[in-house]
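Novice: Structure below; questions to follow.
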Amino acid sequence: MRKVLNFNAGWVFSEGFDAEAANTLRDGETVRLPHTAVELPFNYFDETCYQRAFTYQKLIAKEESFSGKRVTLVFDAAMADSVVYLNGTEIAAHKDGYTPFEVEIGSHLQDGDNLLTVKIDGSENPEIPPFGNVIDYLTFAGIYRDVWLKITTPVAIDNVKIETPDALSARKTVTADVFLTEATAGTLRAKLSDADGKEIATAEAAASGTKTRLSIEGLEGLELWDIDSPTLYTLSVTLQTEAGTDAFSSRFGFRTVSFAADGFRLNDRPLKLRGLNRHQSWPYLGYAMGRRGQEKDADILKYELACNVARTSHYPQSKYFLDRCDEIGLLVFEEIPGWQHIGGEAWKLESIENVRRMITRDWNHPSIIIWGVRINESADDHDFYAETNRLAHELDATRQTGGVRCIENSELLEDVYTMNDFVLGDEEQPGRNEARRSTRSQKQVTGLSKNVPYMITEYNGHMYPTKRFDQESRQAEHVTRHLQMMNAIAGDPDIVGGTGWCMFDYNTHHDFGSGDRICYHGVMDMHREPKFAAYAYASQGDPDKGVVLQPVTFWARGERNIGGVLPLIILTNCDYIELAVGDSAPKRVEPDRTTYPHLAHPPVILDTTNVSAEEFGDWGRQWFDGTLTGYIEGKPVKTMKLSGNPIPTTMEIAPDATALRAGEKDCVRVILRALDQCGNVMAFFDEPVSLSLEGDGRIVGPEITSFRGGSAGLYVEAGDAAGTLTLTARCPAFADGTVTFTIS
Ligand code: GAL
């Protein structure tokens with residue numbers, strides 16, 4: 001049977017590269033993958049510092065067990081322009097920084113130790129997508145995903161494409177196109193099992209050529225994959241040849257997806273898509289986040305932000321993110337690498353190959369509903385995009401294509417017209433907000449005489465950058481824009497849904513962002529701490545899955561111009577709320593269904609039409625505590641106390657998990673929050689905090705940091721040894737805080 005062994009440990013990392021390097025083990029730092037070549041500060045860095053060559057080396061001993069086998073290395077991704085040498089000889093090269101590549105090493109291995117050298121180059125080589133012009137994100141550098149040592153029979157299963165042609169029938173079929181590394185005589189067997197590993201059915205066929213179809217029909221009693229019940233099955237395929245047995249397995253789901261002019265359907269059921277764009281970057285680590293952080297982002301999108309879809313802007317993302325989307329039922333729009341710029345012929349050929357690599361890597365994920373086969377926001381290019389679309393359809397006849405653009409009347413070669421519509425706010429002037437447009441009509445955008453499947457793939461973002469610690473009134477406007485867009489999209493039957501820009505703030509080039517190398521476009525900050533706008537999304541979720549009650553205020557008399565907290569937006573999925581100021585009688589206020597008729601859960605808005613300006617209003621009176629209560633079916637379901645006199649009371653330490661895995665650089669987020677006596681984050685608390693860690697592990701990022709707007713984020717990375725790790729945080733305003741992690 002095949003062995004796929006983790007090959008992440010024991011790489012020697014060094015700066016630069018020269019011809020000598022391929023022959024000699026250089027001095028360097030011993031590192032484990034995933035690895036970022038340069039750990040950046042949080043902001044205000046020089047992004048050219050990683051835009052150069054780096055060397056990763058590792059000794060690999062030829063083992064007895066390799067004899068008569070096919071031995072390869074699988075790089076899940078390396079940024080970028082990788083060249084692989086074995087004992088000084090170049091054996092492979094792969095330009096793209098987002099897709100995997102497999103390198104045959106067995107035939108090159110000599111007895112004893114062999115020197116494996118990988119040169120990667122973080123410079124923005126204009127021959128490789130997305131490079132060649134400016135880009136609003138960073139690509140970082142390094143072997144930032146896993147590497148695997150794969151040992152198989154000489155002829156092996158290269159890939160399997162699983163399809164479910166009649167997923168909605170009571171009696172279902174599953175087909176598997178099995179691709180072999182080369183033609184061979186042999187027998188292919190497929191076994192279908194459920195999530196518990198219980199065998200359901202099998203099929204068998206003789207291998208023929210390099211591609212053979214296996215089919216299992218008449219399957220009864222199987223469940224569909226859906227967003228609320230993401231049932232997964234596993235198809236395991238074996239290839240029996242004279243040289244032994246090879247095996248490959250993949251999860252998949254039974255489901256159908258379709259984009260039509262009248263909407264998106266999952267399993268034939270109309271579903272309005274509501275989601276956000278996601279980059280794959282983290283503070284300090286850049287792209288080099290392992291499994292835990294990737295999975296967490298999917299969980300945040302689904303469970304904290306109540307999204308049903310995410311767009312992997314602007315490249316294929318980690319398989320751990322996609323696997324998690326499969327497991328939890330989060331739909332995905334995946335696209336090829338690129339940003340506005342189309343390069344020359346060689347560049348385009350590389351981009352076309354990216355379509356192939358993305359689709360053949362990811363075709364079995366039920367969560368993926370569409371392939372993005374245009375360079376994000378690029379100009380029309382008939383021949384190029386005719387080819388990306390042709391190839392996508394040839395490789396995968398079950399999914400439609402989209403191509404994200406921002407220009408009107410662009411040529412529709414895709415199945416879905418996917419548009420970044422930034423019209424909201426582009427004509428904003430004081431006093432005109434009520435009349436402002438949210439979206440263009442699809443016919444205005446497409447210039448076509450009939451409706452086509454149409455999705456809004458970005459909105460907001462650079463039109464209204466907002467920091468988590470920005471002034472309350474700015475944040476109220478930020479929230480309003482997200483609500484307004486969600487409402488407009490929900491109410492327009494010609495739009496299948498939308499993904500807002502974007503999930504969280506991200507490091508970027510100096511050409512973009514706020515000058516500090518951060519684009520503050522997220523509904524969360526870089527550590528995925530929510531801004532108020534995050535609750536605009538969260539509040540659209542079903543209260544059964546979590547009651548949301550979030551006023552868009554820091555609850556102070558003098559934070560806003562002139563003073564007071566009106567108009568006060570309360571983001572909630574409750575039926576109505578009551579708000580009491582001090583000891584006065586609570587005011588009951590209903591959601592604003594007039595302004596937001598299409599939202600499942602419109603916000604409650606308090607202003608002088610429904611509450612007295614005296615209590616909530618402007619300058620020059622005493623200020624009091626507030627008590628906010630949300631009601632569902634007449635019963636109080638959530639209460640929030642708002643302190644009118646906040647003082648630092650508790651430092652909350654919130655790790656995403658405390659049970660970590662040894663020996664895989666398991667990296668967990670920890671958020672520190674400065675809380676007042678009501679347990680609310682103190683929005684302008686910016687004091688320093690020092691961090692220390694005992695045990696085998698490390699703190700990613702600085703050990704002295706500061707709260708930013710009441711919270712501080714950090715990552716703790718487990719080392720190789722089992723045991724415990726204790727993190728201590730010291731901030732003068734609070735008692736010391738500790739958290740203990742167990743590593744096993
Ligand atoms: C879009 C682009 C995104 C991001 C966004 C900011 O034009 O596709 O990557 O830059 O603007 O709003």
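Note on naming: chains are A, B, ... as they come in the structure tokens, residues start from 1 per chain, ligands start from 1 in the order shown.
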Give the strand (DSSP E or B) residues of range 308-393 of chain A, as assigned by DSSP on the backbone, as a ChimeraX atom specification.
Specialist: /A:309-312,331-335,368-372
Novice: Check which residues of chain A sit at most 8 Å from ligand 1 using only C-alpha atoms and all ligand atoms, and return one row each with the closest pair of atoms and their distance in Å to one decimal, ordered by chain and rising number, as a tab-separated table.
Specialist:
```
residue	atom	partner	partner_atom_place_in_ligand_line	distance
A:Ile135	CA	ligand 1	10 (O)	7.7
A:Asp136	CA	ligand 1	10 (O)	4.9
A:Tyr137	CA	ligand 1	9 (O)	7.1
A:Ser313	CA	ligand 1	9 (O)	7.0
A:His314	CA	ligand 1	9 (O)	7.1
A:Trp339	CA	ligand 1	8 (O)	6.8
A:Gln340	CA	ligand 1	8 (O)	7.7
A:Asn376	CA	ligand 1	8 (O)	6.0
A:Glu377	CA	ligand 1	8 (O)	6.1
A:Cys406	CA	ligand 1	7 (O)	7.4
A:Asn420	CA	ligand 1	1 (C)	7.1
A:Phe422	CA	ligand 1	12 (O)	7.8
A:Glu458	CA	ligand 1	1 (C)	7.0
A:Tyr459	CA	ligand 1	12 (O)	6.9
A:Asn460	CA	ligand 1	12 (O)	6.0
A:Gly461	CA	ligand 1	12 (O)	3.4
A:His462	CA	ligand 1	12 (O)	3.7
A:Met463	CA	ligand 1	12 (O)	6.3
A:Trp501	CA	ligand 1	12 (O)	5.9
A:Cys502	CA	ligand 1	12 (O)	7.9
A:Phe512	CA	ligand 1	10 (O)	8.0
A:Cys519	CA	ligand 1	6 (C)	7.9
A:His521	CA	ligand 1	12 (O)	6.7
```
Novice: Excluding Glu664 in chain A and any residue of its chain fewer than 6 positions from it, enumerate the residues within 12 Å of it, using only C-alpha atoms, and give them as a PyMOL selection string.
Specialist: chain A and resi 6-10+31-35+145-146+289-292+697+717-722+743-744
Novice: Which residues are close to range 76-84 of chain A, i.e. within 9 Å by only C-alpha atoms, leaving aside same-chain residues fewer than 2 positions away? Reply as a PyMOL selection string.
Specialist: chain A and resi 22+74+86+89-103+116-125+128+139-148+318-319
Novice: Measure the distance from CA of Gly244 in chain A to CA of Leu192 in chain A in Å and round it to one decimal.
Specialist: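 Atom-to-atom, CA of Gly244 in chain A and CA of Leu192 in chain A are spaced 21.5 Å apart.
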Novice: For Asp226 in chain A, list every protein, DNA or RNA residue within 10 Å, evaluated using only C-alpha atoms, and leave out those in the same chain fewer than 5 positions away; present the list as a ChimeraX atom specification.
Specialist: /A:231-232,253-256,266-267,326,328-331,366-367
Novice: Write out as a list in words each polymer residue whose atoms come within 8 Å of Leu305 in chain A, counting only C-alpha atoms; drop sequence neighbours fewer than 2 positions from it.
Specialist: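 Here the qualifying residues turn out to be Ile300, Leu301, Lys302, Tyr303, Cys307, Ala534, Tyr535, Tyr537, Ala538, Ser539 and Gly541 of chain A.
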Novice: Using DSSP on the backbone coordinates, identify all residues within range 496-600 of chain A classified as helix (DSSP H, G or I); present the result as a list of chain:residue names.
Specialist: A:Phe532, A:Ala533, A:Ala534, A:Tyr535, A:Ala536, A:Tyr537, A:Ala538, A:Pro543, A:Asp544, A:Lys545
